[in-house]
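Data file: input-v2.cif. Format and content: mmCIF, C-alpha atoms and all ligand atoms.
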data_data
#
loop_
_atom_site.label_atom_id
_atom_site.label_comp_id
_atom_site.auth_asym_id
_atom_site.auth_seq_id
_atom_site.Cartn_x
_atom_site.Cartn_y
_atom_site.Cartn_z
CA MET A 1 -53.85 -10.47 22.63
CA ARG A 2 -56.74 -8.92 20.78
CA ILE A 3 -55.55 -5.94 18.85
CA THR A 4 -58.68 -3.92 18.71
CA ASN A 5 -57.80 -0.80 20.58
CA LEU A 6 -57.48 2.57 19.00
CA SER A 7 -54.11 3.26 20.53
CA MET A 8 -52.48 0.58 18.48
CA ILE A 9 -54.03 1.93 15.35
CA LEU A 10 -52.90 5.43 16.24
CA VAL A 11 -49.40 4.20 16.83
CA ALA A 12 -49.48 2.29 13.57
CA LEU A 13 -50.56 5.40 11.71
CA THR A 14 -47.68 7.31 13.16
CA MET A 15 -45.29 4.86 11.57
CA LEU A 16 -46.27 5.92 8.09
CA SER A 17 -43.11 7.97 7.86
CA GLY A 18 -40.83 4.94 8.33
CA LEU A 19 -37.51 5.74 9.96
CA PRO A 20 -37.28 8.29 12.75
CA GLY A 21 -37.37 11.90 11.76
CA LYS A 22 -39.82 11.35 8.94
CA GLY A 23 -38.02 10.66 5.70
CA ALA A 24 -34.68 10.39 7.47
CA GLU A 25 -33.21 8.31 4.68
CA ASN A 26 -33.82 11.08 2.20
CA GLU A 27 -32.09 13.81 4.17
CA THR A 28 -28.87 14.81 2.49
CA GLY A 29 -25.69 15.59 4.31
CA ALA A 30 -26.94 14.28 7.66
CA ALA A 31 -24.39 12.58 9.88
CA PRO A 32 -24.82 8.82 10.22
CA MET A 33 -26.10 7.01 13.28
CA LYS A 34 -26.74 3.45 14.40
CA ALA A 35 -30.36 2.31 14.48
CA MET A 36 -32.30 -0.93 14.70
CA VAL A 37 -34.15 -1.08 11.39
CA ALA A 38 -36.89 -3.40 10.12
CA ARG A 39 -36.95 -3.56 6.33
CA GLU A 40 -39.59 -6.27 6.33
CA TYR A 41 -42.35 -7.19 8.75
CA GLY A 42 -42.09 -10.21 10.94
CA SER A 43 -40.81 -11.51 14.23
CA PRO A 44 -38.26 -9.40 16.15
CA GLU A 45 -35.43 -11.10 14.21
CA VAL A 46 -36.14 -8.85 11.21
CA LEU A 47 -34.57 -5.98 13.15
CA LYS A 48 -30.97 -5.32 12.08
CA LEU A 49 -28.43 -2.81 13.31
CA GLU A 50 -27.76 -0.35 10.47
CA ASP A 51 -26.03 2.93 9.73
CA VAL A 52 -28.71 5.40 8.68
CA PRO A 53 -28.76 9.20 8.43
CA ARG A 54 -29.44 11.12 11.61
CA PRO A 55 -32.90 12.67 11.56
CA VAL A 56 -33.06 16.44 11.17
CA PRO A 57 -35.47 18.32 13.47
CA LYS A 58 -38.11 20.60 11.99
CA GLU A 59 -38.75 24.00 13.56
CA ASN A 60 -41.12 22.56 16.20
CA GLU A 61 -38.92 19.54 17.01
CA VAL A 62 -35.77 18.71 18.93
CA LEU A 63 -33.08 16.20 18.10
CA VAL A 64 -32.40 13.96 21.09
CA ARG A 65 -29.20 12.00 21.68
CA VAL A 66 -30.75 8.82 23.02
CA ILE A 67 -29.07 7.30 26.08
CA ALA A 68 -31.67 4.60 26.76
CA GLY A 69 -34.85 3.27 25.17
CA GLY A 70 -37.71 1.55 26.95
CA VAL A 71 -39.16 -1.62 25.40
CA ASN A 72 -42.92 -2.14 25.16
CA PRO A 73 -45.14 -4.88 23.71
CA VAL A 74 -46.24 -2.39 21.03
CA ASP A 75 -42.72 -2.51 19.56
CA THR A 76 -43.26 -6.14 18.64
CA LEU A 77 -46.70 -5.44 17.21
CA ILE A 78 -45.45 -2.67 14.94
CA VAL A 79 -42.51 -4.77 13.73
CA SER A 80 -44.86 -7.69 13.09
CA GLY A 81 -46.69 -5.58 10.50
CA LYS A 82 -50.11 -6.38 11.90
CA TYR A 83 -51.26 -2.86 11.10
CA ALA A 84 -49.58 -2.68 7.74
CA LYS A 85 -52.34 -4.68 6.10
CA GLU A 86 -54.88 -2.14 7.31
CA PHE A 87 -52.90 0.98 6.59
CA GLY A 88 -50.51 0.13 3.76
CA THR A 89 -46.75 -0.25 3.62
CA TYR A 90 -44.48 2.03 5.56
CA LEU A 91 -41.20 0.20 5.78
CA PRO A 92 -38.41 0.66 6.72
CA LEU A 93 -39.12 1.45 10.36
CA THR A 94 -37.32 1.84 13.66
CA PRO A 95 -39.40 1.02 16.76
CA GLY A 96 -38.85 2.51 20.21
CA TYR A 97 -41.52 4.73 21.78
CA ASP A 98 -39.84 5.49 25.11
CA ILE A 99 -36.61 7.43 25.26
CA ALA A 100 -34.38 9.12 27.77
CA GLY A 101 -31.57 11.26 26.47
CA VAL A 102 -30.08 14.71 26.00
CA VAL A 103 -31.33 17.49 23.72
CA GLU A 104 -28.74 17.81 20.96
CA GLN A 105 -30.36 20.38 18.69
CA THR A 106 -33.50 22.53 18.81
CA GLY A 107 -35.79 23.72 16.02
CA ALA A 108 -36.41 27.46 15.58
CA LYS A 109 -39.81 27.41 17.30
CA ILE A 110 -38.73 25.47 20.39
CA THR A 111 -39.22 27.61 23.51
CA LYS A 112 -39.15 25.30 26.54
CA LEU A 113 -36.17 23.07 25.82
CA LYS A 114 -32.53 23.92 25.23
CA VAL A 115 -29.47 22.04 24.05
CA GLY A 116 -28.08 19.88 26.85
CA ASP A 117 -31.40 19.36 28.67
CA PRO A 118 -31.80 15.82 30.07
CA ILE A 119 -35.24 14.64 28.95
CA TYR A 120 -37.48 11.60 28.86
CA GLY A 121 -40.68 10.94 26.98
CA TYR A 122 -43.11 8.82 25.01
CA ILE A 123 -42.50 9.53 21.32
CA LEU A 124 -45.55 8.98 19.17
CA TRP A 125 -43.41 8.63 16.05
CA GLY A 126 -41.21 5.95 17.60
CA GLY A 127 -37.67 5.70 16.30
CA GLY A 128 -36.11 5.47 19.75
CA PHE A 129 -34.02 2.35 19.17
CA ALA A 130 -31.36 4.53 17.59
CA GLN A 131 -28.60 6.89 18.63
CA TYR A 132 -30.76 9.92 17.80
CA ASP A 133 -34.50 10.51 17.69
CA ILE A 134 -36.86 13.39 17.06
CA ALA A 135 -39.27 14.69 19.71
CA THR A 136 -41.68 17.58 20.18
CA GLU A 137 -42.05 19.67 23.32
CA GLY A 138 -45.44 18.05 23.90
CA GLU A 139 -43.84 14.61 24.18
CA VAL A 140 -40.96 15.09 26.59
CA ALA A 141 -40.29 16.41 30.08
CA ILE A 142 -37.13 17.08 32.02
CA LYS A 143 -35.86 13.73 33.33
CA PRO A 144 -36.35 13.13 37.06
CA LYS A 145 -33.08 13.91 38.81
CA SER A 146 -33.40 10.86 41.03
CA LEU A 147 -33.45 8.43 38.09
CA ASN A 148 -30.64 7.41 35.80
CA TYR A 149 -31.37 7.36 32.07
CA GLU A 150 -32.15 3.66 31.98
CA GLU A 151 -34.70 3.96 34.76
CA ALA A 152 -36.16 7.08 33.15
CA ALA A 153 -36.58 5.38 29.77
CA SER A 154 -38.71 2.70 31.40
CA VAL A 155 -41.34 5.15 32.62
CA PRO A 156 -43.17 7.33 30.07
CA LEU A 157 -45.45 5.12 27.96
CA VAL A 158 -46.56 2.84 30.77
CA ALA A 159 -46.91 5.58 33.38
CA LEU A 160 -48.93 7.76 30.99
CA THR A 161 -51.11 4.77 30.15
CA ALA A 162 -51.81 4.09 33.82
CA TRP A 163 -52.41 7.80 34.47
CA GLN A 164 -54.76 8.25 31.52
CA ALA A 165 -56.69 5.10 32.46
CA LEU A 166 -56.98 5.64 36.22
CA ILE A 167 -56.97 9.42 36.62
CA ASP A 168 -58.27 10.85 33.33
CA ALA A 169 -60.78 8.15 32.35
CA ALA A 170 -61.82 6.40 35.58
CA LYS A 171 -61.39 9.50 37.84
CA LEU A 172 -60.03 7.31 40.61
CA THR A 173 -60.25 9.06 43.98
CA THR A 174 -59.11 8.57 47.56
CA GLY A 175 -60.77 5.69 49.34
CA GLN A 176 -61.92 3.89 46.20
CA THR A 177 -60.92 0.31 45.42
CA VAL A 178 -59.24 -0.55 42.12
CA LEU A 179 -58.54 -3.98 40.66
CA ILE A 180 -55.38 -3.92 38.54
CA HIS A 181 -54.90 -6.91 36.27
CA GLY A 182 -51.32 -7.62 35.19
CA GLY A 183 -49.96 -5.69 38.17
CA SER A 184 -46.38 -6.91 37.67
CA GLY A 185 -46.04 -5.71 34.07
CA GLY A 186 -44.95 -2.38 32.68
CA VAL A 187 -48.34 -0.68 32.99
CA GLY A 188 -49.36 -2.59 36.12
CA THR A 189 -46.31 -1.62 38.17
CA MET A 190 -47.00 2.04 37.43
CA ALA A 191 -50.75 1.68 37.94
CA ILE A 192 -50.34 0.20 41.44
CA GLN A 193 -48.12 3.08 42.50
CA ILE A 194 -50.25 5.81 40.90
CA ALA A 195 -53.37 4.38 42.52
CA LYS A 196 -51.69 4.20 45.93
CA ALA A 197 -50.43 7.78 45.55
CA ARG A 198 -54.05 8.72 44.84
CA GLY A 199 -55.12 7.16 48.14
CA ALA A 200 -56.93 4.19 46.61
CA ARG A 201 -57.08 0.62 47.89
CA VAL A 202 -55.39 -1.69 45.38
CA ILE A 203 -56.12 -5.30 44.50
CA ALA A 204 -53.54 -6.52 41.97
CA THR A 205 -53.13 -9.75 40.01
CA ALA A 206 -50.05 -11.57 38.69
CA SER A 207 -48.66 -15.11 38.50
CA THR A 208 -47.01 -16.89 41.43
CA ALA A 209 -43.49 -15.70 40.63
CA ASN A 210 -44.55 -12.06 40.64
CA GLN A 211 -46.57 -11.87 43.85
CA ASP A 212 -43.62 -10.27 45.65
CA VAL A 213 -43.43 -7.30 43.28
CA LEU A 214 -47.13 -6.56 43.77
CA LYS A 215 -46.59 -6.37 47.52
CA GLU A 216 -43.37 -4.37 47.26
CA LEU A 217 -45.18 -1.75 45.18
CA GLY A 218 -47.89 -1.36 47.81
CA ALA A 219 -50.81 -3.52 46.65
CA ASP A 220 -53.18 -4.03 49.58
CA VAL A 221 -54.45 -7.39 48.29
CA THR A 222 -52.65 -9.64 45.83
CA VAL A 223 -54.15 -12.38 43.70
CA ASP A 224 -52.21 -15.21 42.07
CA TYR A 225 -54.32 -15.65 38.95
CA THR A 226 -52.84 -19.10 38.34
CA ARG A 227 -54.26 -20.40 41.63
CA GLN A 228 -57.18 -18.21 42.50
CA LYS A 229 -60.11 -16.59 40.72
CA PHE A 230 -59.94 -12.83 41.13
CA GLU A 231 -63.75 -12.82 41.44
CA ASP A 232 -63.39 -14.65 44.75
CA VAL A 233 -61.37 -11.77 46.17
CA ALA A 234 -62.44 -8.64 44.32
CA ARG A 235 -66.10 -7.70 44.72
CA ASP A 236 -67.84 -4.36 44.34
CA VAL A 237 -64.70 -2.56 43.22
CA ASP A 238 -64.95 1.01 41.94
CA VAL A 239 -62.50 0.64 39.06
CA VAL A 240 -60.89 -2.15 37.02
CA LEU A 241 -57.75 -1.61 34.96
CA ASP A 242 -57.55 -4.42 32.39
CA SER A 243 -54.35 -5.04 30.43
CA VAL A 244 -55.10 -8.70 29.70
CA GLY A 245 -58.42 -8.79 27.80
CA LYS A 246 -60.30 -11.89 26.66
CA ASP A 247 -61.64 -14.00 29.53
CA THR A 248 -60.10 -11.69 32.14
CA LEU A 249 -62.08 -8.73 30.80
CA ALA A 250 -65.22 -10.83 30.34
CA ARG A 251 -65.12 -11.86 34.01
CA SER A 252 -64.37 -8.33 35.22
CA TYR A 253 -67.76 -6.73 34.52
CA GLY A 254 -69.30 -8.66 37.40
CA VAL A 255 -66.86 -7.44 40.06
CA VAL A 256 -67.51 -3.71 39.54
CA LYS A 257 -70.11 -1.97 41.68
CA ARG A 258 -72.93 -0.02 40.01
CA GLY A 259 -71.63 3.35 38.86
CA GLY A 260 -68.09 1.94 38.65
CA PHE A 261 -65.69 1.97 35.73
CA ILE A 262 -63.63 -0.45 33.60
CA ALA A 263 -60.62 0.87 31.68
CA THR A 264 -59.18 -1.63 29.21
CA LEU A 265 -55.96 -1.28 27.26
CA VAL A 266 -56.39 -4.21 24.93
CA ALA A 267 -59.98 -4.69 23.85
CA ARG A 268 -63.31 -3.20 22.94
CA LEU A 269 -65.77 -3.09 25.81
CA ASN A 270 -69.05 -4.94 25.58
CA GLN A 271 -71.70 -2.23 25.93
CA SER A 272 -74.46 -4.65 26.85
CA GLU A 273 -72.32 -6.02 29.70
CA LEU A 274 -71.62 -2.47 30.88
CA ASP A 275 -75.35 -1.68 30.77
CA LYS A 276 -76.28 -4.92 32.49
CA HIS A 277 -74.05 -4.07 35.46
CA GLY A 278 -74.80 -0.33 35.48
CA ILE A 279 -71.17 0.63 34.91
CA ARG A 280 -69.19 2.72 32.45
CA GLY A 281 -65.93 2.08 30.69
CA ALA A 282 -63.34 3.17 28.16
CA SER A 283 -60.81 1.62 25.83
CA ILE A 284 -57.65 3.59 26.46
CA SER A 285 -55.39 4.95 23.73
CA VAL A 286 -52.32 6.38 25.39
CA LYS A 287 -51.19 9.76 24.10
CA PRO A 288 -47.98 11.67 24.73
CA ASP A 289 -48.59 14.42 27.30
CA ALA A 290 -45.72 16.50 28.65
CA ASN A 291 -47.89 18.04 31.39
CA GLU A 292 -48.92 14.64 32.72
CA LEU A 293 -45.33 13.45 32.45
CA ASN A 294 -44.36 16.39 34.67
CA GLU A 295 -46.98 15.20 37.21
CA ILE A 296 -45.42 11.74 37.04
CA THR A 297 -41.98 13.30 37.54
CA ARG A 298 -43.26 14.95 40.72
CA LEU A 299 -44.46 11.58 42.05
CA ILE A 300 -41.08 10.03 41.20
CA GLU A 301 -39.19 12.82 42.97
CA ALA A 302 -41.55 12.44 45.96
CA LYS A 303 -40.61 8.72 46.04
CA LYS A 304 -44.22 7.72 45.36
CA ILE A 305 -43.25 5.99 42.09
CA LYS A 306 -40.17 3.89 41.48
CA PRO A 307 -39.49 2.19 38.15
CA VAL A 308 -39.10 -1.59 38.05
CA VAL A 309 -36.34 -2.32 35.53
CA THR A 310 -35.84 -6.03 35.19
CA GLU A 311 -33.17 -6.11 32.52
CA VAL A 312 -30.90 -3.67 30.68
CA LEU A 313 -29.60 -4.87 27.32
CA PRO A 314 -27.38 -3.18 24.73
CA LEU A 315 -29.04 -1.81 21.57
CA THR A 316 -27.49 -4.72 19.67
CA GLU A 317 -29.71 -7.05 21.69
CA ALA A 318 -32.95 -5.34 20.74
CA VAL A 319 -34.16 -8.58 19.13
CA LYS A 320 -33.85 -10.44 22.43
CA ALA A 321 -35.61 -7.59 24.23
CA LEU A 322 -38.53 -7.67 21.81
CA GLN A 323 -38.77 -11.46 22.02
CA GLN A 324 -39.22 -11.09 25.78
CA ALA A 325 -41.75 -8.25 25.38
CA ALA A 326 -43.77 -10.46 23.04
CA THR A 327 -44.29 -13.03 25.81
CA HIS A 328 -46.56 -10.65 27.79
CA HIS A 329 -44.97 -12.01 30.93
CA THR A 330 -42.30 -9.42 31.59
CA ARG A 331 -41.75 -8.37 35.17
CA GLY A 332 -41.53 -4.58 35.13
CA LYS A 333 -39.59 -3.27 32.16
CA ILE A 334 -36.75 -4.10 29.80
CA VAL A 335 -34.56 -1.21 28.70
CA LEU A 336 -32.04 -0.88 25.89
CA LYS A 337 -28.81 0.90 26.73
CA ILE A 338 -27.86 2.97 23.71
CA ALA A 339 -25.08 5.22 25.04
CA GLU A 340 -23.09 5.69 28.23
CA ASP A 341 -24.96 7.63 30.92
CA PRO A 342 -23.47 11.16 30.76
CA GLN A 343 -24.12 11.55 34.49
CA ALA A 344 -21.77 8.64 35.11
CA GLU A 345 -19.01 9.95 32.80
N1 LIG B 1 -54.05 0.87 24.76
C1 LIG B 1 -52.91 1.45 25.10
O1 LIG B 1 -52.73 2.67 24.95
C2 LIG B 1 -51.83 0.60 25.68
C3 LIG B 1 -50.74 1.20 26.32
C4 LIG B 1 -49.79 0.37 26.91
C5 LIG B 1 -49.91 -1.01 26.85
N2 LIG B 1 -50.94 -1.54 26.18
C6 LIG B 1 -51.11 -3.00 26.11
O2 LIG B 1 -51.40 -3.44 27.43
C7 LIG B 1 -50.84 -4.73 27.66
C8 LIG B 1 -49.96 -4.65 28.90
O3 LIG B 1 -48.86 -3.82 28.63
P1 LIG B 1 -47.57 -3.94 29.55
O4 LIG B 1 -46.56 -3.03 28.99
O5 LIG B 1 -47.93 -3.82 30.98
O6 LIG B 1 -47.18 -5.46 29.26
P2 LIG B 1 -46.16 -6.41 30.03
O7 LIG B 1 -45.08 -5.57 30.61
O8 LIG B 1 -45.84 -7.50 29.11
O9 LIG B 1 -46.98 -6.96 31.30
C9 LIG B 1 -48.01 -7.85 31.16
C10 LIG B 1 -48.28 -8.39 32.56
O10 LIG B 1 -49.51 -9.10 32.52
C11 LIG B 1 -49.43 -10.19 33.41
N3 LIG B 1 -50.36 -11.22 32.95
C12 LIG B 1 -50.29 -12.01 31.85
N4 LIG B 1 -51.39 -12.78 31.79
C13 LIG B 1 -52.18 -12.44 32.85
C14 LIG B 1 -53.45 -12.87 33.35
N5 LIG B 1 -54.15 -13.80 32.72
N6 LIG B 1 -53.94 -12.26 34.46
C15 LIG B 1 -53.26 -11.31 35.09
N7 LIG B 1 -52.04 -10.87 34.70
C16 LIG B 1 -51.52 -11.43 33.59
C17 LIG B 1 -47.99 -10.63 33.37
O11 LIG B 1 -47.67 -11.11 34.66
P3 LIG B 1 -47.20 -12.65 34.86
O12 LIG B 1 -45.89 -12.77 34.10
O13 LIG B 1 -47.05 -12.76 36.33
O14 LIG B 1 -48.27 -13.50 34.25
C18 LIG B 1 -47.23 -9.35 33.04
O15 LIG B 1 -46.60 -8.81 34.18
C19 LIG B 1 -50.09 -5.09 26.39
O16 LIG B 1 -50.90 -5.89 25.60
C20 LIG B 1 -49.85 -3.74 25.71
O17 LIG B 1 -49.71 -3.86 24.32
C21 LIG B 1 -51.91 -0.78 25.59
#
Mind turning this structure into structure tokens?
Amino acid sequence: MRITNLSMILVALTMLSGLPGKGAENETGAAPMKAMVAREYGSPEVLKLEDVPRPVPKENEVLVRVIAGGVNPVDTLIVSGKYAKEFGTYLPLTPGYDIAGVVEQTGAKITKLKVGDPIYGYILWGGGFAQYDIATEGEVAIKPKSLNYEEAASVPLVALTAWQALIDAAKLTTGQTVLIHGGSGGVGTMAIQIAKARGARVIATASTANQDVLKELGADVTVDYTRQKFEDVARDVDVVLDSVGKDTLARSYGVVKRGGFIATLVARLNQSELDKHGIRGASISVKPDANELNEITRLIEAKKIKPVVTEVLPLTEAVKALQQAATHHTRGKIVLKIAEDPQAE
């Protein structure tokens, strides 16, 4: 994967504080917690389960007791240290950008959340692969009632990415056609459902083994990219969502109609290609957004979006989870179970 998008850099910058809760190791008197900690950069195996101090929320933050953490490819990139060379050293770090859990403590300036609230969210500072994490009110929303914590933890980062690409950037509307590359992955499974809820016609790509999930999620046309060129099926589309990059992006300019839009998650767009085809585009950098997460909650509660959780692993198996995420061939999402679901207690 080409790591040229701003989002990754933004995420990398947010890691400058190391462990969750910014300077958590230096807090005195804080109760201990278990966390997956990287003290050196490298492959997922550098992550070790450690006892570290619980982070302490500032006045505009809440402390969340994490029940489940969603795994994303970005976790592997941050642990690999690819951004460290550009931005300096900020070890130790705890990855984990998606959490679902219960508000344990609120800072003095918190107005919307209270202790005991079940929440989920995309945490820009990471730190979610731990028993406790810090969040702001702008990052989290009340967890959908119809989802358990593991399902909820699989949603925020990928759903917000799909939303910000298709709705905010591409302005996808009813009746338009969208080509979604990587439709069976974390972002793709959300993008198909968000596009269908918007009233769009969806063409989605995946390998042979994942054709069924594309159909189950409502794709109107499916393409097995291992057997068929998407250009033979998708022509004059209004929008492309690219989560693959390289050759896939290079071949996508030609399938968009004039005035159409390409949103890529993984690359810089080629302006001369955009100009040549009379189209526009954007490289997406996903941002936490509690308001948009509330919109996503509404679609979940209306049964328009259902999470695809392929595997739930204990926190102690975070290394295995990140190894799978690094393959870029995950079906739906992997989630780490960090505590027992309080709804099931
Ligand atoms: N810029 C941002 O803000 C942002 C936000 C989120 C994610 N991302 C990036 O976007 C990418 C996708 O994220 P994700 O969470 O969806 O990853 P993921 O869960 O690993 O899914 C990737 C999907 O891509 C499919 N795929 C792989 N090669 C393909 C190809 N040549 N053509 C079509 N599909 C292909 C895979 O399906 P098969 O197994 O069937 O091949 C897999 O389902 C990652 O690189 C991630 O880092 C960026």
Would you name the residues within 7 Å of ligand LIG 1 (chain B), counting all atoms listed in the file, and put them as a PyMOL selection string? chain A and resi 1+5-8+72-74+157-158+161+181-188+205-210+225+243-244+248+265-266+283-286+325+327-333
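The closest residue to A:Gly116, picked from A:Gly70, A:Lys276, A:Lys143, A:Ala152 and counting only C-alpha atoms, is A:Lys143.
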Proximity to A:Ala282 - best of A:Lys171, A:Lys112, A:Lys34, A:Arg198, all atoms listed in the file: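 Once distances to A:Ala282 are computed over all atoms listed in the file, the minimum belongs to A:Lys171.
The space between atom CA of A:Glu292 and atom CA of A:Pro307 spans 16.5 Å.
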Using only C-alpha atoms, which protein or nucleic acid residues come within 7 Å of A:Arg280? Drop anything in the same chain fewer than 3 positions from it, and give the result as a list in words.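 Within the cut-off, the hits are Gly259, Gly260, Phe261, Ile262 and Leu274 of chain A.
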Export of prior selection with C-alpha atoms as a tab-separated table (two decimals), in the coordinates of the input:
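As written to disk, selection.tsv reads:
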chain	number	residue	atom	x	y	z
A	259	GLY	CA	-71.63	3.35	38.86
A	260	GLY	CA	-68.09	1.94	38.65
A	261	PHE	CA	-65.69	1.97	35.73
A	262	ILE	CA	-63.63	-0.45	33.60
A	274	LEU	CA	-71.62	-2.47	30.88
Given all atoms listed in the file as the counted atoms, nearest of A:Asp220, A:Asp98, A:Asp242, A:Asp212 to A:Leu166: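 Ranked by minimum distance to A:Leu166, first place goes to A:Asp242.
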Quick one: residues within 12 Å of A:Lys114, all atoms listed in the file counted, chain neighbours fewer than 5 positions away excluded, as a list in words? Glu61, Val62, Leu63, Val64, Val102, Val103, Glu104, Gln105, Thr106, Gly107, Ala108, Lys109, Ile119, Glu137, Ala141 and Ile142 of chain A
